[in-house]
Amino acid sequence: MRAFFTTAATIILGSAVSSADTYTVYLPDGMEPAAVEEKLEPLRRAVPDADYQFVHLTSKCSNMHEAVQAAKAIRAGITHLPSLVLADEDGEYAAVPLHLLTDESLSAAHSVAKGEDRESKCAIRRFQAKEYLLFARLNLAQPLSDEVIELCIVSCRTLMNHSIATAHDRQLLGYRCLYPLLMLRYTNAYKGAHTPASEAMLLEAIAALEAARDIDRDTDIGKEAFAERERLRAARRKARQYE
């Protein structure tokens with residue numbers, strides 16, 4: 001999630017710009033496009049026929065449509081608003097805050113499309129966008145259907161097993177995403193009495209909780225997971241008294 005800059009001369013833009021390039025200007029909600037038209041002059045000089053569109057982002061998403069737009073901004077590498085995002089047929093490759101948009105920074109942004117580390121940087125942003133969207137869905141798409149729960153479980157496990165995932169990512173996803181999803185699946189399956197199937201679901205959720213806890217018990221998440229495991233242990237012990 002970085003903007004890219006260099007001191008390359010504007011004259012090299014002719015060889016760096018692809019006819020397939022597209023440009024998107026992300027604005028904070030409430031800002032009119034006319035307010036930033038002057039700042040886009042370097043783009044109009046470099047690419048007179050540039051086709052660009054405007055997208056507004058809310059500061060806090062209240063529905064999945066807004067969350068999808070926010071995820072796209074994360075995937076594009078936006079760190080400030082308003083920003084210009086450059087993309088080609090392979091996707092977004094650079095973002096430049098409009099207050100830093102110059103002939104030189106635009107030239108540098110175009111050069112990123114040919115950079116050797118483009119894919120590795122884009123892969124990190126794609127991971128972050130998918131992680132964000134998964135958490136957004138858990139918070140905004142309530143109540144979750146059984147089908148969506150299963151899809152989210154698969155998505156969560158895929159992210160946890162991704163080569164980019166850090167220990168923090170795996171613990172965050174395991175405790176705040178996978179464990180709640182598995183518990184929700186168990187709760188939906190519980191019909192007043194345990195069955196072998198529902199018991200297996202509960203044990204699977206507990207295993208996910210313990211796995212998240214054991215990634216690092218000294219982090220805030222690790223401590224929360226430890227406390228949650230003890231709460232479950234006490235609750236099950238109490239429930240057995242009434243069986």
# chains A, B, ... in the order shown; residues from 1 in each chain; ligands from 1
>>> select_by_dssp(residues="range 28-220 of chain A", states="strand (DSSP E)", output="JSON, numbers by chain")
{"A": [28, 52, 53, 54, 55, 56, 57, 83, 84, 85, 86, 87, 88, 91, 92, 93, 94, 95, 96, 97]}
>>> closest_atom_pairs(of="range 68-156 of chain A", to="range 28-40 of chain A", cutoff="10 Å", atoms="only C-alpha atoms", output="Markdown table")
| residue | atom | partner | partner_atom | distance |
| --- | --- | --- | --- | --- |
| A:His80 | CA | A:Pro28 | CA | 9.4 |
| A:Leu81 | CA | A:Pro28 | CA | 6.0 |
| A:Pro82 | CA | A:Pro28 | CA | 6.4 |
| A:Ser83 | CA | A:Pro28 | CA | 9.5 |
| A:Leu84 | CA | A:Leu40 | CA | 8.6 |
| A:Leu98 | CA | A:Lys39 | CA | 6.3 |
| A:His99 | CA | A:Lys39 | CA | 7.2 |
| A:Leu100 | CA | A:Lys39 | CA | 9.0 |
| A:Leu101 | CA | A:Lys39 | CA | 7.1 |
| A:Thr102 | CA | A:Lys39 | CA | 8.6 |
>>> select_by_dssp(residues="range 47-205 of chain A", states="alpha helix (DSSP H)", output="ChimeraX atom specification")
/A:64-76,103-111,118-140,146-160,167-173,179-189,196-205
>>> closest_residue(among="A:Lys223, A:Lys60, A:Arg236, A:Arg44", to="Leu140 in chain A", atoms="only C-alpha atoms")
A:Lys60
>>> closest_residue(among="A:Glu131, A:Glu119, A:Asp146, A:Asp51", to="Val68 in chain A", atoms="only C-alpha atoms")
A:Glu131
>>> closest_residue(among="A:Leu138, A:Leu57, A:Ala193, A:Ile221", to="Arg170 in chain A", atoms="only C-alpha atoms")
A:Ile221
>>> atom_distance(atom1="CA of Asp218 in chain A", atom2="CA of Met201 in chain A")
27.5 Å
>>> decode(residues="range 57-178 of chain A", atoms="C-alpha atoms", output="mmCIF file, in the first residue's frame")
data_model
loop_
_atom_site.group_PDB
_atom_site.id
_atom_site.type_symbol
_atom_site.label_atom_id
_atom_site.label_comp_id
_atom_site.auth_asym_id
_atom_site.auth_seq_id
_atom_site.Cartn_x
_atom_site.Cartn_y
_atom_site.Cartn_z
ATOM 1 C CA LEU A 57 -15.436 6.127 -0.529
ATOM 2 C CA THR A 58 -17.234 6.402 2.787
ATOM 3 C CA SER A 59 -15.261 6.730 6.016
ATOM 4 C CA LYS A 60 -17.288 3.870 7.534
ATOM 5 C CA CYS A 61 -19.013 1.215 5.452
ATOM 6 C CA SER A 62 -22.648 0.481 6.232
ATOM 7 C CA ASN A 63 -23.374 -2.080 3.508
ATOM 8 C CA MET A 64 -21.556 -4.608 1.331
ATOM 9 C CA HIS A 65 -21.542 -2.351 -1.738
ATOM 10 C CA GLU A 66 -19.526 0.236 0.175
ATOM 11 C CA ALA A 67 -17.310 -2.519 1.590
ATOM 12 C CA VAL A 68 -16.558 -3.807 -1.912
ATOM 13 C CA GLN A 69 -15.499 -0.297 -2.975
ATOM 14 C CA ALA A 70 -13.278 -0.026 0.106
ATOM 15 C CA ALA A 71 -11.719 -3.420 -0.680
ATOM 16 C CA LYS A 72 -10.952 -2.238 -4.212
ATOM 17 C CA ALA A 73 -9.218 0.817 -2.746
ATOM 18 C CA ILE A 74 -7.122 -1.415 -0.480
ATOM 19 C CA ARG A 75 -6.249 -3.645 -3.423
ATOM 20 C CA ALA A 76 -5.195 -0.554 -5.370
ATOM 21 C CA GLY A 77 -2.841 0.580 -2.613
ATOM 22 C CA ILE A 78 -4.644 3.767 -1.594
ATOM 23 C CA THR A 79 -3.352 5.320 1.624
ATOM 24 C CA HIS A 80 -4.738 8.856 1.192
ATOM 25 C CA LEU A 81 -7.835 10.446 -0.314
ATOM 26 C CA PRO A 82 -8.220 11.748 -2.906
ATOM 27 C CA SER A 83 -5.910 9.537 -4.975
ATOM 28 C CA LEU A 84 -5.393 8.561 -8.587
ATOM 29 C CA VAL A 85 -5.199 4.798 -9.256
ATOM 30 C CA LEU A 86 -3.542 3.447 -12.390
ATOM 31 C CA ALA A 87 -4.498 0.072 -13.844
ATOM 32 C CA ASP A 88 -3.914 -1.995 -16.965
ATOM 33 C CA GLU A 89 -5.254 -5.307 -18.221
ATOM 34 C CA ASP A 90 -3.480 -7.055 -15.321
ATOM 35 C CA GLY A 91 -5.119 -4.878 -12.682
ATOM 36 C CA GLU A 92 -4.235 -1.920 -10.482
ATOM 37 C CA TYR A 93 -0.530 -1.272 -10.142
ATOM 38 C CA ALA A 94 -0.023 2.167 -8.550
ATOM 39 C CA ALA A 95 -1.782 4.853 -6.539
ATOM 40 C CA VAL A 96 -0.745 8.486 -6.231
ATOM 41 C CA PRO A 97 -2.325 10.903 -3.725
ATOM 42 C CA LEU A 98 -3.594 13.869 -5.731
ATOM 43 C CA HIS A 99 -1.723 16.381 -3.590
ATOM 44 C CA LEU A 100 1.480 14.651 -4.761
ATOM 45 C CA LEU A 101 0.493 14.230 -8.410
ATOM 46 C CA THR A 102 3.129 15.805 -10.663
ATOM 47 C CA ASP A 103 4.647 14.970 -14.018
ATOM 48 C CA GLU A 104 7.436 13.156 -12.188
ATOM 49 C CA SER A 105 5.283 11.149 -9.781
ATOM 50 C CA LEU A 106 2.929 10.173 -12.596
ATOM 51 C CA SER A 107 5.894 8.999 -14.668
ATOM 52 C CA ALA A 108 7.084 6.945 -11.713
ATOM 53 C CA ALA A 109 3.625 5.454 -11.222
ATOM 54 C CA HIS A 110 3.494 4.372 -14.877
ATOM 55 C CA SER A 111 6.900 2.740 -14.571
ATOM 56 C CA VAL A 112 5.619 0.484 -11.771
ATOM 57 C CA ALA A 113 3.633 -1.476 -14.369
ATOM 58 C CA LYS A 114 6.920 -2.911 -15.670
ATOM 59 C CA GLY A 115 8.590 -3.349 -12.281
ATOM 60 C CA GLU A 116 9.987 -6.742 -11.309
ATOM 61 C CA ASP A 117 8.361 -6.589 -7.870
ATOM 62 C CA ARG A 118 4.939 -5.547 -9.149
ATOM 63 C CA GLU A 119 3.338 -8.961 -8.648
ATOM 64 C CA SER A 120 4.673 -9.485 -5.132
ATOM 65 C CA LYS A 121 3.397 -6.073 -4.007
ATOM 66 C CA CYS A 122 0.047 -6.585 -5.703
ATOM 67 C CA ALA A 123 -0.290 -10.007 -4.066
ATOM 68 C CA ILE A 124 0.043 -8.446 -0.616
ATOM 69 C CA ARG A 125 -2.621 -5.861 -1.410
ATOM 70 C CA ARG A 126 -4.959 -8.520 -2.820
ATOM 71 C CA PHE A 127 -4.563 -10.517 0.389
ATOM 72 C CA GLN A 128 -5.305 -7.455 2.515
ATOM 73 C CA ALA A 129 -8.378 -6.634 0.416
ATOM 74 C CA LYS A 130 -9.765 -10.165 0.715
ATOM 75 C CA GLU A 131 -9.120 -10.170 4.459
ATOM 76 C CA TYR A 132 -10.922 -6.846 4.817
ATOM 77 C CA LEU A 133 -13.871 -8.005 2.728
ATOM 78 C CA LEU A 134 -14.245 -11.200 4.737
ATOM 79 C CA PHE A 135 -14.476 -9.294 8.012
ATOM 80 C CA ALA A 136 -16.826 -6.773 6.403
ATOM 81 C CA ARG A 137 -19.132 -9.582 5.319
ATOM 82 C CA LEU A 138 -19.225 -10.994 8.852
ATOM 83 C CA ASN A 139 -20.199 -7.586 10.221
ATOM 84 C CA LEU A 140 -22.532 -6.316 7.510
ATOM 85 C CA ALA A 141 -24.197 -9.313 5.875
ATOM 86 C CA GLN A 142 -26.226 -10.446 8.882
ATOM 87 C CA PRO A 143 -27.846 -12.858 9.369
ATOM 88 C CA LEU A 144 -25.548 -15.227 7.477
ATOM 89 C CA SER A 145 -27.192 -18.095 5.665
ATOM 90 C CA ASP A 146 -25.762 -21.611 6.084
ATOM 91 C CA GLU A 147 -24.419 -21.409 2.531
ATOM 92 C CA VAL A 148 -22.642 -18.098 3.172
ATOM 93 C CA ILE A 149 -21.216 -19.442 6.445
ATOM 94 C CA GLU A 150 -19.649 -22.356 4.580
ATOM 95 C CA LEU A 151 -18.248 -20.056 1.892
ATOM 96 C CA CYS A 152 -16.771 -17.755 4.557
ATOM 97 C CA ILE A 153 -15.196 -20.710 6.375
ATOM 98 C CA VAL A 154 -13.501 -21.815 3.165
ATOM 99 C CA SER A 155 -12.370 -18.252 2.423
ATOM 100 C CA CYS A 156 -11.018 -17.821 5.942
ATOM 101 C CA ARG A 157 -9.031 -21.046 5.842
ATOM 102 C CA THR A 158 -7.672 -20.168 2.412
ATOM 103 C CA LEU A 159 -6.391 -16.831 3.738
ATOM 104 C CA MET A 160 -4.921 -18.460 6.852
ATOM 105 C CA ASN A 161 -3.001 -20.929 4.689
ATOM 106 C CA HIS A 162 -1.832 -18.281 2.222
ATOM 107 C CA SER A 163 1.938 -17.903 1.901
ATOM 108 C CA ILE A 164 1.588 -14.184 2.611
ATOM 109 C CA ALA A 165 -0.286 -14.680 5.891
ATOM 110 C CA THR A 166 1.753 -13.657 8.943
ATOM 111 C CA ALA A 167 1.354 -15.133 12.421
ATOM 112 C CA HIS A 168 -0.742 -12.089 13.290
ATOM 113 C CA ASP A 169 -2.965 -12.654 10.246
ATOM 114 C CA ARG A 170 -3.457 -16.322 11.109
ATOM 115 C CA GLN A 171 -4.245 -15.568 14.750
ATOM 116 C CA LEU A 172 -6.593 -12.710 13.850
ATOM 117 C CA LEU A 173 -8.424 -14.763 11.250
ATOM 118 C CA GLY A 174 -8.503 -17.860 13.427
ATOM 119 C CA TYR A 175 -9.923 -16.170 16.504
ATOM 120 C CA ARG A 176 -12.110 -13.395 15.107
ATOM 121 C CA CYS A 177 -13.303 -15.140 11.963
ATOM 122 C CA LEU A 178 -12.937 -18.926 11.804
#
